[in-house]
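> Just one file: run19.cif, with mmCIF, C-alpha atoms and all ligand atoms.
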data_work
#
loop_
_atom_site.label_atom_id
_atom_site.label_comp_id
_atom_site.auth_asym_id
_atom_site.auth_seq_id
_atom_site.Cartn_x
_atom_site.Cartn_y
_atom_site.Cartn_z
CA MET A 29 0.00 0.00 0.00
CA HIS A 30 2.87 2.31 0.70
CA LYS A 31 3.72 4.13 -2.44
CA ILE A 32 7.24 5.31 -2.69
CA LYS A 33 9.38 6.66 -5.46
CA ARG A 34 11.61 4.12 -7.13
CA ARG A 35 14.73 6.15 -6.47
CA GLU A 36 13.86 6.28 -2.78
CA ALA A 37 13.26 2.56 -2.80
CA LEU A 38 16.64 1.86 -4.37
CA LYS A 39 18.38 3.86 -1.68
CA LEU A 40 16.44 1.86 0.87
CA ILE A 41 17.18 -1.51 -0.63
CA GLY A 42 20.84 -0.71 -0.04
CA LEU A 43 20.05 0.08 3.55
CA GLY A 44 17.99 -3.05 4.12
CA SER A 45 20.50 -5.48 2.68
CA ALA A 46 23.36 -3.87 4.57
CA TYR A 47 21.39 -4.58 7.72
CA LEU A 48 20.77 -8.16 6.87
CA ALA A 49 24.43 -8.71 6.13
CA GLY A 50 25.96 -6.58 8.80
CA GLY A 51 23.60 -6.57 11.74
CA ALA A 52 23.30 -3.52 13.91
CA GLN A 53 26.52 -1.89 12.77
CA PHE A 54 25.47 -0.09 9.66
CA SER A 55 27.65 0.33 6.66
CA CYS A 56 26.68 0.65 3.04
CA LYS A 57 29.97 0.92 1.16
CA GLY A 58 30.80 3.93 3.28
CA LYS A 59 27.72 5.80 2.13
CA LYS A 60 25.77 7.75 4.68
CA GLN A 61 22.10 7.04 5.29
CA HIS A 62 19.86 9.66 6.81
CA ILE A 63 16.33 8.56 7.60
CA ILE A 64 13.95 11.41 8.31
CA THR A 65 10.57 10.94 9.98
CA LEU A 66 8.30 13.90 10.59
CA SER A 67 5.81 12.68 13.16
CA PHE A 68 2.60 14.73 13.00
CA ASP A 69 0.61 14.85 16.24
CA ASP A 70 -2.92 15.73 17.30
CA GLY A 71 -4.83 14.94 14.10
CA PHE A 72 -6.26 18.28 13.11
CA GLU A 73 -8.61 17.63 10.24
CA LYS A 74 -7.56 20.37 7.84
CA SER A 75 -3.84 19.97 8.54
CA SER A 76 -3.93 16.18 8.24
CA ILE A 77 -5.63 16.30 4.85
CA GLU A 78 -3.09 18.85 3.62
CA THR A 79 -0.13 16.97 5.10
CA ALA A 80 -1.26 13.78 3.37
CA ARG A 81 -1.75 15.63 0.08
CA ILE A 82 1.77 17.06 0.17
CA TYR A 83 3.31 13.68 1.08
CA GLU A 84 1.39 12.01 -1.75
CA LYS A 85 2.82 14.54 -4.19
CA TYR A 86 6.23 12.98 -3.52
CA GLY A 87 5.00 9.40 -3.22
CA LEU A 88 5.66 9.41 0.52
CA SER A 89 3.81 8.01 3.51
CA ALA A 90 3.04 10.50 6.31
CA SER A 91 3.13 9.60 10.01
CA ILE A 92 -0.06 10.97 11.53
CA ASN A 93 -0.69 10.40 15.23
CA VAL A 94 -4.24 10.95 16.41
CA ILE A 95 -6.06 11.26 19.71
CA ALA A 96 -8.66 8.51 20.11
CA THR A 97 -11.45 10.80 21.32
CA ALA A 98 -10.57 14.26 19.94
CA HIS A 99 -13.33 14.08 17.29
CA LEU A 100 -16.07 13.33 19.82
CA GLU A 101 -18.46 15.90 21.21
CA GLY A 102 -17.49 16.78 24.74
CA PHE A 103 -13.77 16.24 24.16
CA GLU A 104 -12.05 18.40 26.71
CA LEU A 105 -9.30 20.44 25.06
CA PRO A 106 -6.00 19.67 26.81
CA ASN A 107 -4.88 23.27 26.18
CA GLU A 108 -5.34 26.14 23.74
CA TYR A 109 -3.18 24.40 21.14
CA HIS A 110 -5.93 21.91 20.39
CA ALA A 111 -8.68 24.38 19.52
CA TRP A 112 -9.06 23.27 15.88
CA PRO A 113 -11.40 20.57 14.57
CA ALA A 114 -9.89 17.09 14.75
CA GLY A 115 -10.39 14.45 12.09
CA ASP A 116 -12.51 11.38 12.78
CA PHE A 117 -11.89 7.73 12.04
CA GLU A 118 -13.60 7.96 8.69
CA LEU A 119 -10.81 10.33 7.66
CA TRP A 120 -8.12 8.23 9.38
CA ASN A 121 -9.27 5.11 7.52
CA GLU A 122 -9.31 7.05 4.28
CA LEU A 123 -5.76 8.35 4.78
CA GLN A 124 -4.58 4.92 5.86
CA ASP A 125 -6.04 3.46 2.67
CA LYS A 126 -3.94 5.95 0.73
CA GLY A 127 -0.79 4.57 2.38
CA HIS A 128 -0.34 6.90 5.32
CA GLU A 129 0.42 5.71 8.81
CA ILE A 130 -2.17 6.43 11.51
CA MET A 131 -0.90 5.82 15.02
CA PRO A 132 -2.35 6.19 18.53
CA HIS A 133 -1.56 9.49 20.21
CA THR A 134 -3.33 8.76 23.51
CA TYR A 135 -6.93 8.35 24.62
CA LYS A 136 -7.53 11.98 25.62
CA HIS A 137 -4.10 13.62 25.70
CA VAL A 138 -3.40 13.32 29.42
CA ASN A 139 0.19 13.80 30.57
CA LEU A 140 0.72 10.30 31.91
CA THR A 141 3.57 11.35 34.19
CA GLN A 142 1.03 13.33 36.22
CA VAL A 143 -1.41 10.52 37.02
CA PRO A 144 -1.01 7.28 39.02
CA PHE A 145 0.56 4.36 37.14
CA GLU A 146 -2.68 2.30 37.09
CA GLN A 147 -4.62 5.21 35.64
CA ALA A 148 -1.93 5.78 33.03
CA THR A 149 -1.93 2.16 31.85
CA SER A 150 -5.72 2.10 31.83
CA LEU A 151 -5.79 5.21 29.60
CA ILE A 152 -3.33 3.59 27.19
CA MET A 153 -5.49 0.43 27.01
CA LYS A 154 -8.61 2.52 26.43
CA CYS A 155 -6.80 4.24 23.56
CA PHE A 156 -5.97 0.85 22.01
CA ASP A 157 -9.59 -0.29 22.44
CA VAL A 158 -10.83 2.68 20.41
CA PHE A 159 -8.24 2.09 17.70
CA ALA A 160 -9.09 -1.62 17.52
CA GLU A 161 -12.74 -0.71 17.12
CA GLU A 162 -12.35 2.16 14.68
CA LEU A 163 -9.18 1.85 12.59
CA LYS A 164 -9.25 -0.88 9.95
CA GLY A 165 -6.59 -3.53 10.47
CA PHE A 166 -5.25 -1.97 13.66
CA ARG A 167 -3.13 -4.32 15.73
CA GLN A 168 -1.69 -3.17 19.00
CA GLU A 169 1.49 -5.18 18.49
CA ASN A 170 2.16 -3.20 15.30
CA ALA A 171 1.47 0.16 16.91
CA VAL A 172 3.91 2.97 17.52
CA TYR A 173 2.36 4.60 20.59
CA VAL A 174 2.93 8.35 20.81
CA PHE A 175 2.94 9.78 24.34
CA ALA A 176 1.12 13.08 24.90
CA HIS A 177 3.58 15.91 25.55
CA ASN A 178 6.32 13.31 24.84
CA ALA A 179 6.00 12.56 28.55
CA SER A 180 6.69 9.05 29.83
CA THR A 181 8.30 7.40 32.84
CA PRO A 182 10.72 4.45 32.90
CA GLU A 183 7.95 2.37 34.53
CA LEU A 184 5.43 3.19 31.80
CA GLU A 185 7.99 2.55 29.08
CA GLU A 186 8.81 -0.83 30.60
CA TRP A 187 5.12 -1.73 30.83
CA LEU A 188 4.37 -0.57 27.29
CA ALA A 189 7.39 -1.94 25.43
CA PRO A 190 6.25 -5.60 25.17
CA ARG A 191 2.71 -4.51 24.23
CA VAL A 192 3.57 -2.46 21.12
CA ARG A 193 6.00 -2.40 18.25
CA ALA A 194 7.55 0.84 19.52
CA PHE A 195 6.73 4.05 21.30
CA ARG A 196 7.73 7.68 20.81
CA THR A 197 8.74 9.97 23.65
CA ALA A 198 11.12 12.83 24.47
CA GLY A 199 14.88 12.46 24.19
CA GLY A 200 16.14 14.26 21.10
CA VAL A 201 15.87 13.98 17.34
CA PHE A 202 18.75 11.57 16.80
CA ASN A 203 17.98 7.85 16.85
CA PRO A 204 20.22 5.01 15.72
CA LEU A 205 19.43 3.49 12.34
CA PRO A 206 16.56 0.98 12.70
CA TYR A 207 17.46 -2.30 14.40
CA ILE A 208 15.49 -5.35 15.43
CA GLY A 209 13.89 -4.85 18.83
CA GLN A 210 14.07 -1.05 18.73
CA LYS A 211 11.27 0.04 21.04
CA LYS A 212 12.06 3.53 22.24
CA LEU A 213 11.98 6.24 19.59
CA THR A 214 12.87 9.72 20.72
CA CYS A 215 12.08 13.00 19.07
CA GLY A 216 12.71 16.70 19.18
CA SER A 217 10.05 19.33 18.72
CA HIS A 218 9.68 23.09 18.68
CA GLY A 219 6.95 25.57 19.56
CA PRO A 220 4.64 27.17 20.26
CA GLU A 221 5.49 29.46 17.33
CA ASN A 222 6.07 28.43 13.69
CA ILE A 223 8.79 25.77 13.39
CA ASP A 224 10.01 26.24 9.80
CA ARG A 225 13.41 27.71 10.64
CA ALA A 226 14.04 25.48 13.65
CA LEU A 227 13.18 22.36 11.66
CA GLU A 228 15.28 23.40 8.69
CA LYS A 229 18.26 23.99 10.97
CA ALA A 230 17.79 20.63 12.72
CA VAL A 231 17.47 18.78 9.41
CA ASN A 232 20.57 20.46 8.01
CA GLU A 233 22.61 19.58 11.09
CA PHE A 234 21.41 16.00 10.87
CA LEU A 235 22.29 15.72 7.17
CA ASP A 236 25.77 17.06 7.91
CA GLY A 237 26.32 14.42 10.59
CA PRO A 238 26.67 10.65 10.76
CA SER A 239 24.11 8.14 9.55
CA GLY A 240 21.03 7.86 11.71
CA TRP A 241 17.30 8.26 12.05
CA PHE A 242 15.95 11.76 12.67
CA ILE A 243 12.51 11.99 14.27
CA PHE A 244 10.92 15.38 14.65
CA ASN A 245 7.55 15.80 16.34
CA THR A 246 5.52 18.15 14.20
CA HIS A 247 1.89 19.14 14.71
CA GLY A 248 -0.47 21.09 12.45
CA LEU A 249 0.20 23.11 9.32
CA ASP A 250 0.03 26.86 8.89
CA GLU A 251 -1.92 28.19 11.86
CA GLU A 252 -3.10 24.93 13.44
CA GLY A 253 -1.70 23.51 16.68
CA TRP A 254 1.37 23.95 18.85
CA GLY A 255 4.49 24.73 16.79
CA PRO A 256 2.87 24.66 13.35
CA MET A 257 4.80 24.33 10.10
CA SER A 258 3.99 26.28 6.94
CA SER A 259 2.52 24.01 4.29
CA GLY A 260 4.73 25.68 1.65
CA PHE A 261 7.78 24.92 3.76
CA LEU A 262 6.80 21.26 4.12
CA ASP A 263 6.38 21.00 0.37
CA GLU A 264 9.81 22.54 -0.29
CA LEU A 265 11.47 20.45 2.40
CA LEU A 266 10.14 17.16 1.00
CA ASP A 267 11.13 18.24 -2.50
CA ARG A 268 14.65 18.87 -1.30
CA LEU A 269 14.89 15.67 0.73
CA VAL A 270 13.65 13.28 -1.95
CA ASN A 271 16.38 14.66 -4.19
CA HIS A 272 19.06 14.47 -1.49
CA GLU A 273 21.58 11.68 -1.95
CA SER A 274 21.64 10.28 1.58
CA ALA A 275 18.16 11.21 2.82
CA SER A 276 15.09 8.97 2.95
CA VAL A 277 11.78 10.35 4.20
CA LEU A 278 9.92 7.49 5.88
CA SER A 279 7.03 6.90 8.22
CA ALA A 280 7.98 5.30 11.54
CA THR A 281 6.75 1.89 10.39
CA GLN A 282 8.61 2.08 7.10
CA ALA A 283 11.78 2.88 9.00
CA LEU A 284 11.28 0.08 11.54
CA ASP A 285 10.60 -2.33 8.67
CA LEU A 286 14.13 -1.72 7.36
CA ALA A 287 15.51 -3.58 10.35
CA ILE A 288 13.67 -6.71 9.27
CA GLY A 289 14.82 -6.39 5.69
CA GLY A 290 11.82 -4.47 4.46
CA THR A 291 12.33 -2.56 1.26
CA HIS A 292 8.77 -1.26 0.96
CA LYS A 293 6.31 -2.53 -1.53
CA LEU A 294 6.87 -0.92 -4.87
CA THR A 295 3.57 -0.12 -6.40
CA ASP A 296 4.89 1.43 -9.58
ZN ZN B 301 -0.30 15.95 21.20
#
Represent the structure contained in this file as structure tokens.
Ligand SMILES: [Zn+2]


Amino acid sequence: MHKIKRREALKLIGLGSAYLAGGAQFSCKGKKQHIITLSFDDGFEKSSIETARIYEKYGLSASINVIATAHLEGFELPNEYHAWPAGDFELWNELQDKGHEIMPHTYKHVNLTQVPFEQATSLIMKCFDVFAEELKGFRQENAVYVFAHNASTPELEEWLAPRVRAFRTAGGVFNPLPYIGQKKLTCGSHGPENIDRALEKAVNEFLDGPSGWFIFNTHGLDEEGWGPMSSGFLDELLDRLVNHESASVLSATQALDLAIGGTHKLTD
């Protein structure tokens, strides 16, 4: 289902086979590999549709992380940065059908470090229940769970790790290249103002550095959400990255699949 440009796929095949041959220590004839995942949180309807449209323009799969109950009447806004209409599961299924990745970004956006452990785990399970009910083909063991506010505790991470494929939390943009058993993905983010310049700087620094996997937590586009990105900037950034020798723009799942030899299904 994931559509990806052939050139991108060829770069990735090199990455996948190097993994199979070389294990965790990555080397592809000395060539650098820079995986870039922009991880879009909060599921604003307008922004998500536009994000998906821009990704599709480049044959890429967007990572969109949505709150299980944000589309329901009576959803209590966690803060002023959520005051835009959220998409519903009809939209999430539609975007998933187009090859985008829809992942759980909490039940109702509670900071789980501020509630008792039992309440935190119960909220995570309730989030999975909604996804299992509403998102076609959802399987918890394939999920990349995205903590609200990138806030987790070692206890929660330990509890969650065997229950999901991976989870995303705070800890910085730089992750090692995908490896089997990689559970903890860390990200950077920026806000509450527009993130274009901060993201561009972070991407450039990453591309100048060693091979790795860059994960940046983005939110809405233009005026929506905490730390929004301009849609024109996203378009230009993807255009630049798909033409960059060592860069591959991947969803979290596409990146994790590389560790198990995945090269992405070529649909063209
Ligand atoms: Zn959020």

> Counting only C-alpha atoms and all ligand atoms, which residues of chain A fall within 9 Å of ligand ZN 301 (chain B), and what is the closest atom pair for each with its distance in Å at one decimal, ordered by chain and rising number, as JSON lines?


{"residue": "A:Phe68", "atom": "CA", "partner": "B:ZN301", "partner_atom": "ZN", "distance": 8.8}
{"residue": "A:Asp69", "atom": "CA", "partner": "B:ZN301", "partner_atom": "ZN", "distance": 5.2}
{"residue": "A:Asp70", "atom": "CA", "partner": "B:ZN301", "partner_atom": "ZN", "distance": 4.7}
{"residue": "A:Gly71", "atom": "CA", "partner": "B:ZN301", "partner_atom": "ZN", "distance": 8.5}
{"residue": "A:Asn93", "atom": "CA", "partner": "B:ZN301", "partner_atom": "ZN", "distance": 8.2}
{"residue": "A:Val94", "atom": "CA", "partner": "B:ZN301", "partner_atom": "ZN", "distance": 8.0}
{"residue": "A:Ile95", "atom": "CA", "partner": "B:ZN301", "partner_atom": "ZN", "distance": 7.6}
{"residue": "A:Pro106", "atom": "CA", "partner": "B:ZN301", "partner_atom": "ZN", "distance": 8.8}
{"residue": "A:Tyr109", "atom": "CA", "partner": "B:ZN301", "partner_atom": "ZN", "distance": 8.9}
{"residue": "A:His110", "atom": "CA", "partner": "B:ZN301", "partner_atom": "ZN", "distance": 8.2}
{"residue": "A:His133", "atom": "CA", "partner": "B:ZN301", "partner_atom": "ZN", "distance": 6.7}
{"residue": "A:Thr134", "atom": "CA", "partner": "B:ZN301", "partner_atom": "ZN", "distance": 8.1}
{"residue": "A:His137", "atom": "CA", "partner": "B:ZN301", "partner_atom": "ZN", "distance": 6.3}
{"residue": "A:Val174", "atom": "CA", "partner": "B:ZN301", "partner_atom": "ZN", "distance": 8.3}
{"residue": "A:Phe175", "atom": "CA", "partner": "B:ZN301", "partner_atom": "ZN", "distance": 7.6}
{"residue": "A:Ala176", "atom": "CA", "partner": "B:ZN301", "partner_atom": "ZN", "distance": 4.9}
{"residue": "A:His177", "atom": "CA", "partner": "B:ZN301", "partner_atom": "ZN", "distance": 5.8}
{"residue": "A:Asn178", "atom": "CA", "partner": "B:ZN301", "partner_atom": "ZN", "distance": 8.0}
{"residue": "A:His247", "atom": "CA", "partner": "B:ZN301", "partner_atom": "ZN", "distance": 7.6}
{"residue": "A:Gly253", "atom": "CA", "partner": "B:ZN301", "partner_atom": "ZN", "distance": 8.9}
{"residue": "A:Trp254", "atom": "CA", "partner": "B:ZN301", "partner_atom": "ZN", "distance": 8.5}

> For A:Gly127, which residue out of A:Val158, A:Cys215, A:Leu88, A:Leu269 is the nearest one, using only C-alpha atoms?

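Going through A:Val158, A:Cys215, A:Leu88, A:Leu269 one by one, the smallest distance to A:Gly127 is for A:Leu88.
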
> Mind listing whatever residues come within 7 Å of the point (9.6, 11.8, 22.9)? Use all atoms listed in the file, file coordinates, and give them as a PDB file with C-alpha atoms, in the coordinates of the input.


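Final file, out_9.pdb:
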ATOM      1  CA  ASN A 178       6.320  13.310  24.840  1.00  0.00           C
ATOM      2  CA  ALA A 179       6.000  12.560  28.550  1.00  0.00           C
ATOM      3  CA  ARG A 196       7.730   7.680  20.810  1.00  0.00           C
ATOM      4  CA  THR A 197       8.740   9.970  23.650  1.00  0.00           C
ATOM      5  CA  ALA A 198      11.120  12.830  24.470  1.00  0.00           C
ATOM      6  CA  GLY A 199      14.880  12.460  24.190  1.00  0.00           C
ATOM      7  CA  LEU A 213      11.980   6.240  19.590  1.00  0.00           C
ATOM      8  CA  THR A 214      12.870   9.720  20.720  1.00  0.00           C
ATOM      9  CA  CYS A 215      12.080  13.000  19.070  1.00  0.00           C
ATOM     10  CA  GLY A 216      12.710  16.700  19.180  1.00  0.00           C
TER      11      GLY A 216
END

> Near A:Ser258, counting only C-alpha atoms, which residues have an atom at most 12 Å away, once you skip same-chain residues fewer than 6 positions from it, shown as a VMD selection string?

chain A and resid 75 78 to 79 82 221 to 225 227 to 228 246 to 252 264 to 265

> Could you jot down the atom CA of A:Gln61 to atom CA of A:Ser89 separation for me, Å, one decimal place?

18.4 Å

> Would you pick out the contacts of A:Leu235 at 8 Å or less, using all atoms listed in the file, so that residues sharing its chain but fewer than 3 positions from it are not included, and give the list as a ChimeraX atom specification?

/A:62,231-232,238,274-275

> What is the atom CA of A:Phe72 to atom CA of A:Val172 distance in Å?

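Computed distance, atom CA of A:Phe72 to atom CA of A:Val172, equals 18.9 Å.
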
> Need the shell around A:Pro190: protein/DNA/RNA residues with any atom at most 9 Å away, counting all atoms listed in the file. Skip same-chain ones fewer than 3 positions apart. Format as a list in words?

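The residues satisfying every condition are Glu169, Glu186, Trp187, Arg193, Ala194 and Lys211 of chain A.
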
> Quick one: distance from atom CA of A:Ser259 to atom CA of A:Glu84 in Å, one decimal?

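Atom-to-atom, atom CA of A:Ser259 to atom CA of A:Glu84, that is 13.5 Å.
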
> Generate the coordinates of N, CA and C atoms for stretch 209-241 of chain A; report them as a short mmCIF file (atom, residue, chain, number, x, y, z; two decimals), in the frame of the given file.


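Produced file result.cif, reproduced below:
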data_model
loop_
_atom_site.label_atom_id
_atom_site.label_comp_id
_atom_site.auth_asym_id
_atom_site.auth_seq_id
_atom_site.Cartn_x
_atom_site.Cartn_y
_atom_site.Cartn_z
N GLY A 209 14.13 -5.02 17.40
CA GLY A 209 13.89 -4.85 18.83
C GLY A 209 13.91 -3.41 19.30
N GLN A 210 14.07 -2.48 18.37
CA GLN A 210 14.07 -1.05 18.73
C GLN A 210 12.68 -0.65 19.21
N LYS A 211 12.58 -0.28 20.46
CA LYS A 211 11.27 0.04 21.04
C LYS A 211 11.12 1.53 21.31
N LYS A 212 12.19 2.14 21.80
CA LYS A 212 12.06 3.53 22.24
C LYS A 212 12.55 4.47 21.15
N LEU A 213 11.63 5.24 20.59
CA LEU A 213 11.98 6.24 19.59
C LEU A 213 11.90 7.59 20.28
N THR A 214 12.91 8.40 20.09
CA THR A 214 12.87 9.72 20.72
C THR A 214 12.80 10.80 19.64
N CYS A 215 12.29 11.94 20.05
CA CYS A 215 12.08 13.00 19.07
C CYS A 215 12.44 14.35 19.67
N GLY A 216 12.62 15.31 18.79
CA GLY A 216 12.71 16.70 19.18
C GLY A 216 11.44 17.38 18.72
N SER A 217 11.20 18.56 19.21
CA SER A 217 10.05 19.33 18.72
C SER A 217 10.35 20.81 18.98
N HIS A 218 9.47 21.65 18.53
CA HIS A 218 9.68 23.09 18.68
C HIS A 218 8.33 23.78 18.72
N GLY A 219 8.21 24.84 19.50
CA GLY A 219 6.95 25.57 19.56
C GLY A 219 7.02 26.61 20.67
N PRO A 220 5.95 27.32 20.91
CA PRO A 220 4.64 27.17 20.26
C PRO A 220 4.53 27.92 18.93
N GLU A 221 5.58 28.67 18.56
CA GLU A 221 5.49 29.46 17.33
C GLU A 221 5.81 28.57 16.12
N ASN A 222 5.77 29.13 14.94
CA ASN A 222 6.07 28.43 13.69
C ASN A 222 7.46 27.77 13.74
N ILE A 223 7.55 26.55 13.22
CA ILE A 223 8.79 25.77 13.39
C ILE A 223 9.67 25.73 12.15
N ASP A 224 9.28 26.41 11.07
CA ASP A 224 10.01 26.24 9.80
C ASP A 224 11.53 26.37 9.97
N ARG A 225 11.95 27.47 10.58
CA ARG A 225 13.41 27.71 10.64
C ARG A 225 14.10 26.73 11.57
N ALA A 226 13.44 26.42 12.70
CA ALA A 226 14.04 25.48 13.65
C ALA A 226 14.17 24.09 13.02
N LEU A 227 13.14 23.68 12.28
CA LEU A 227 13.18 22.36 11.66
C LEU A 227 14.23 22.31 10.56
N GLU A 228 14.30 23.37 9.77
CA GLU A 228 15.28 23.40 8.69
C GLU A 228 16.70 23.29 9.26
N LYS A 229 16.94 24.02 10.34
CA LYS A 229 18.26 23.99 10.97
C LYS A 229 18.56 22.58 11.50
N ALA A 230 17.58 21.97 12.15
CA ALA A 230 17.79 20.63 12.72
C ALA A 230 18.03 19.61 11.62
N VAL A 231 17.28 19.71 10.53
CA VAL A 231 17.47 18.78 9.41
C VAL A 231 18.85 18.96 8.80
N ASN A 232 19.26 20.21 8.61
CA ASN A 232 20.57 20.46 8.01
C ASN A 232 21.69 19.92 8.87
N GLU A 233 21.57 20.11 10.18
CA GLU A 233 22.61 19.58 11.09
C GLU A 233 22.66 18.06 11.00
N PHE A 234 21.48 17.46 10.95
CA PHE A 234 21.41 16.00 10.87
C PHE A 234 22.07 15.50 9.58
N LEU A 235 21.75 16.16 8.46
CA LEU A 235 22.29 15.72 7.17
C LEU A 235 23.81 15.91 7.10
N ASP A 236 24.32 16.85 7.87
CA ASP A 236 25.77 17.06 7.91
C ASP A 236 26.48 16.05 8.80
N GLY A 237 25.73 15.32 9.61
CA GLY A 237 26.32 14.42 10.59
C GLY A 237 26.33 12.97 10.14
N PRO A 238 26.58 12.08 11.09
CA PRO A 238 26.67 10.65 10.76
C PRO A 238 25.31 10.06 10.39
N SER A 239 25.34 8.84 9.88
CA SER A 239 24.11 8.14 9.55
C SER A 239 23.24 8.01 10.79
N GLY A 240 21.94 8.02 10.58
CA GLY A 240 21.03 7.86 11.71
C GLY A 240 19.60 8.06 11.27
N TRP A 241 18.74 8.10 12.28
CA TRP A 241 17.30 8.26 12.05
C TRP A 241 16.83 9.48 12.83
#
